[in-house]
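Novice: Starting off with a structure, shown below.
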Amino acid sequence: MDPRVQYYSLGVAIFILSIFLSFPPLADSVCDPSNSDPENLVPFPPSLKPLPQLRMLEYNGNRFSLSCELLICSITMPVTYKWFFSKTKDGEGVELVKADHETGDSDVYHFEGQDIFIHSDYSDWDAITGYYWCAAENEHGKATSSQCQIDKSEVKPRAEALPPVKVNVGQSVRIAMEKPAFTDKDVPLRPFYELGWASGGIEILTPLAAPSKVEGRFVIGSNFDLYVLEAKTSDACDMTQQFIEHSTVTNFAYREGKLEVINSPYSGAAQTGFFDQYKDYVFVRGVKASFTCVPKTKQTVMFKKDGKDLEVGTDQTKKMFRTDYSLWFNNPSETDSGKYTCYYKDRSGKQYSYDQQVRVIGSPVPDCDFTLFIIRTPNSNVTMNCKMTSDFLELEETTLYWNDEPFESSQGLTYQATTTSKSGSYETQVYSDKLKTTDTGVLRFVSKAKDMTRAGVLQKLGLSPTSSTVWFNDFRVLPFETREEVSIAVFVMPLRVNENDNQLFDALIGGKNFRLMTTIFGSPLPKVSWAVDGEEIVAGNPKYSFMSTYTVVFLFYIKEVEKSCKVEAIGTHEVDGVTHVVTDEFQITAHEPIQWKPDMRTEVFGFTGQEMNVLCAATQKDGKLTADLKFEWIDTTDGSTIFDGVGRYTIVTGDVTDDSGVKYLTSTLKFLPRTDITEKFACNASLVANGVTLQFDPKNISVATGDQAAQPTDFWLDEKKSFFNWKSSRKAGDYSYKDVIEYAAFFKETENEEPTWKKMGETLRNLGKDGFFDVTANLPELTYGEWITFPPGNKLKFRLFTENTYGRSEYASDVPEIITPDGYPEAKMTNVAVGPDPDGSSKVLVSWDPFPRVEYGSYDGDGCCIHVQVEAMLANGTVKTMTLDCVDPADTEVLTGWDDMEPFTVHKVTTWFSNKAGEAEKVTAEGYNKEGPPEAPKLLDQPEDKQNSIAVKFEAMSDDDINGNFTAYELIIRDEDGNIVGRQLITEQGTPGDVLEITVAGLNSSCNYTAELLVHNTEFSTSTGEFPRSTSEEIGVLPQEQQNDTLAAGAGLIMALILLLILLIILILIGIYYAKNRSHAYRVQRNESRFKPKDVEFLPRKDETNKFNEYVPDETKLPFISPHRHTGPVDLDDDSLDLPFGGDEDLDGYNEDGSFIGAYVEDTVYRNP
């Protein structure tokens, strides 16, 4: 065989090994609590699956992995994992820690969660051979795995090659490659074929995947033979049958063969029906398996089970799926047992079929009356029953373990256990009449079977022990685990939670359905509520959801992570009237996702023989790095990992900050590329926080190299004809070559600065030819007819390079240049302002924004000016004018005007820019020079004095009178001692001729003051001077002495009236008593009928508070004024007084209105006519 083919074959074997290592293992997949079925989650100590035995080969790679897998997932998190190593089976284990095993730039051991990856240099295998094991621990306890021995073994030799197989075109054939037999023991194998085509190239055929080239004509049968259906001449190939021994990760190359296809049609007997294979299949429960039916022509095969058609697809993640000719079972169980039929129909409608019987067997079957855990209170009782049975295994007595220790040796427990045997099964009962809190723990029921041979198993299944037509999906002596374990956790406590205060979790912003889980249990069962950042979450919340399983496992989901937060699970229950509360806290840190550098290239080109620098740059969103960002380089050609310093590669890490200030971490892969070949890599970015990978984002990058284009020469510009001329190279057969011209614009003062080069145009002439060529091109040719506009008044420099697929040539050494004519200035002055001279002169300061240099329209600025024209508007109506013809265009202000100009004179300023080509648009602005003192305000007739305020009237002033920018009028009031007692401002200037008024309130009455009115502009103030003002006396208020006398008199009058009223009531009561006893007859009716009251004038009653006038001894003094009192002297004849006057007639026990004494009287005032 060609040595190159052998070398390639070796690489393919390594690649296939990696494929099969990625297949689901024979046992259950690793226990991951984040995605496990809640029915397989229990809160008790971990139990571990046995580790495999590994033997290394000299060509199957230098990386191995072991996983510390849980037999049953524990919901009690976190679970910590440790790895140990010993050179001998019984030696003391040494804990493996990453920092202790560094060799150069890589680690011997790499840890990820519960997995360990073991790396080895080919020359140092002996350093890693030995025994490995792991330990898992949570808050309930610890478990230790079995040992895994890693040893080096020799490659299995190839068997003798088979004679060539010859077939005609269209013929179907079976090539009997058979299964390898080993003298030491049977081993579980996975077959594959390496096909070396006569036309060139090598491809791989596996039971699950076939090369597209064979189009379903090559099939691996259940018996490991190779079938070729309806052969084509292109199918001629060399074949190597190989196997992967899964449990030992060993590759076996078994047989070689050769297929020759004769270029003449097949003329033999018609090929119909199916090739004979196994009739009986024995699958092991839970172990991936398949059966294959191979038709003798290429057909679409259908499947039935027990006579019913199966609707099964090609999704390999489903429990059952199909390929062209096989039916696969990912996790077979007893329900998959049955009779299966493969069939197809030919073109005439005739059906052909092939039957096989599938039996699924497995470990002992437990039948227990408990599920995962039991919760009890102290002093209660418990009984647990578990029965272990098997249809064909001879079981041993069930063994009990308490917290991973043999049950018999456990001390201080109240449990009792009994085991009975019935018909090949064992029934075990564990009970306690009075539990203690120390009875909390995990009870394990372990059932084992006695050793059986393959023949014994077949005999138990009713098959011939020597049958060669029975297929097992596992070629060990026993095709299944003969050990079964069931665990039950017992909790004796009032209330308990996974007490991991302030548990730290990391999440990815934008991550969906982030899950938290806690166990809160007790008797009676607790109620649990959830809170986020102290706010209770209720059902139906759009951002969160929660649920419970087994009444003690509580799950909380964040539907989409938005920010960091604290989540609390609060459990409560009541025992003997006392409420118990426990809280489980989860501190969640949210991290932004990975963000790649926008301009990172995914296609990298370089030149042959030059080192390539392939950049991988990423950060977290907005550059906020809160987690570890790690890079890994993969050679996607063979899937191998690239390490720094290994082979031709160097990896350099660093960081770079872009123009917006965002910092990116970088990993640069440096290497010498292979000649004229496209290499493909993957830069894998992983976001890791506290050992947890939050995000994995691969970026594929291709690298291609080739020859660099030659440097162009003789580059010059014919200004008169506007033609560029140069010489450049081309390469025969390469149509990617092009010449590119760039230009940069300069001003005279910036000519030595680093310019910004812009692309002007390109040309693609002479493509595919070989050698140097003269090229001439004008601007329309270079820009494909699209004219570009060069900036006016600039020096333009041009440079040239030749470019192909792999990059640019060196720039041509010649750099032609031209100066463009001045252009008409388009920009105008902006933000022109006029103001007084800051130094106080009578001139004005004119200012503007800097005029943009790019708008000068001139290379050197000669002849560029800013013009300033000033016009002063004098008071007599005349205008004075002054013009500054050429102000330096780099200036932004100028002082101009006249030294003798009156204050606050309006100045109108006109500014514009000009160069040799013309003038820009003119811009005007107005302003004033310095301010002067204003005129004094003109006072008007003043209003009358008021009791507590002073108002001043004056005439509004004009702008000329104010002589500046008006700010306010101000009134100041001072007392007789000169102290300011009040002031008031108004900021409305008013219109000349308007009357304005300012009032200062809050003054004392009957006082003399001085007032002063001022007017203010920005710089000066002018006053009217002080003038006298006063406040008036308070009207209607008696002197204090008279007020005291009046109050005393009023009080005496009120006392007299009260005494009079009391006397009147007594007299009325006596009269009533007398009237009732004057005779035996009651006179009320007679008197009422006899009495006819006179007409009475009714008047509304006046204010109750104004019944009496106050006494005023001297009418010349001020009357007492009150809104509720009568003013002036009392006139007893005044009808307006509310005093009641009685008549002359005796009403004989009646009121004056004729009603009986004591009856209700309307609240009115009446008077006799």
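Going through the structure tokens in order, the chains are called A, B, and so on, while each chain numbers its residues from 1 and the ligands are numbered from 1 in the order shown.
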Which polymer residues have any atom within 9 Å of an atom of A:Lys543, counting only C-alpha atoms, with same-chain residues fewer than 6 positions away left out, as a PDB file with N, CA and C atoms, in the first residue's frame?

Specialist:
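In the end it all went to selection.pdb:
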```pdb
ATOM      1  N   TYR A 557     -38.293  28.681  38.230  1.00  0.00           N
ATOM      2  CA  TYR A 557     -37.775  28.977  36.903  1.00  0.00           C
ATOM      3  C   TYR A 557     -37.802  30.487  36.648  1.00  0.00           C
ATOM      4  N   ILE A 558     -36.668  30.998  36.198  1.00  0.00           N
ATOM      5  CA  ILE A 558     -36.623  32.367  35.672  1.00  0.00           C
ATOM      6  C   ILE A 558     -36.751  32.229  34.161  1.00  0.00           C
ATOM      7  N   LYS A 559     -37.863  32.707  33.612  1.00  0.00           N
ATOM      8  CA  LYS A 559     -38.155  32.441  32.206  1.00  0.00           C
ATOM      9  C   LYS A 559     -37.108  33.048  31.283  1.00  0.00           C
ATOM     10  N   GLU A 560     -36.609  34.210  31.629  1.00  0.00           N
ATOM     11  CA  GLU A 560     -35.498  34.804  30.882  1.00  0.00           C
ATOM     12  C   GLU A 560     -34.694  35.660  31.842  1.00  0.00           C
ATOM     13  N   VAL A 561     -33.422  35.344  31.982  1.00  0.00           N
ATOM     14  CA  VAL A 561     -32.573  36.055  32.937  1.00  0.00           C
ATOM     15  C   VAL A 561     -32.354  37.485  32.438  1.00  0.00           C
TER      16      VAL A 561
END
```

Novice: Write out as an NGL selection string all residues of stretch 274-436 of chain A that DSSP puts in strand (DSSP E) for this structure's backbone.

Specialist: :A and (280-284 or 289-292 or 302-305 or 308-309 or 320-322 or 326-329 or 338-345 or 351-361 or 365-368 or 373-376 or 382-389 or 399-402 or 405-406 or 416-422 or 425-432)

Novice: Please determine, counting only C-alpha atoms, which residue among A:Gln316, A:Thr206, A:Thr636, A:Gln356 has the shortest atom-to-atom distance to A:Thr678.

Specialist: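 Once distances to A:Thr678 are computed over only C-alpha atoms, the minimum belongs to A:Thr636.
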
Novice: I need the residue nearest A:Gly201 from this list: A:Ala236, A:Gly221, A:Val981, A:Thr713. Use only C-alpha atoms for the distance.

Specialist: A:Ala236

Novice: Would you mind reading off the distance between atom CA of A:Trp633 and atom CA of A:Val614, one decimal, in Å?

Specialist: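 Atom CA of A:Val614 lies 10.6 Å from atom CA of A:Trp633.
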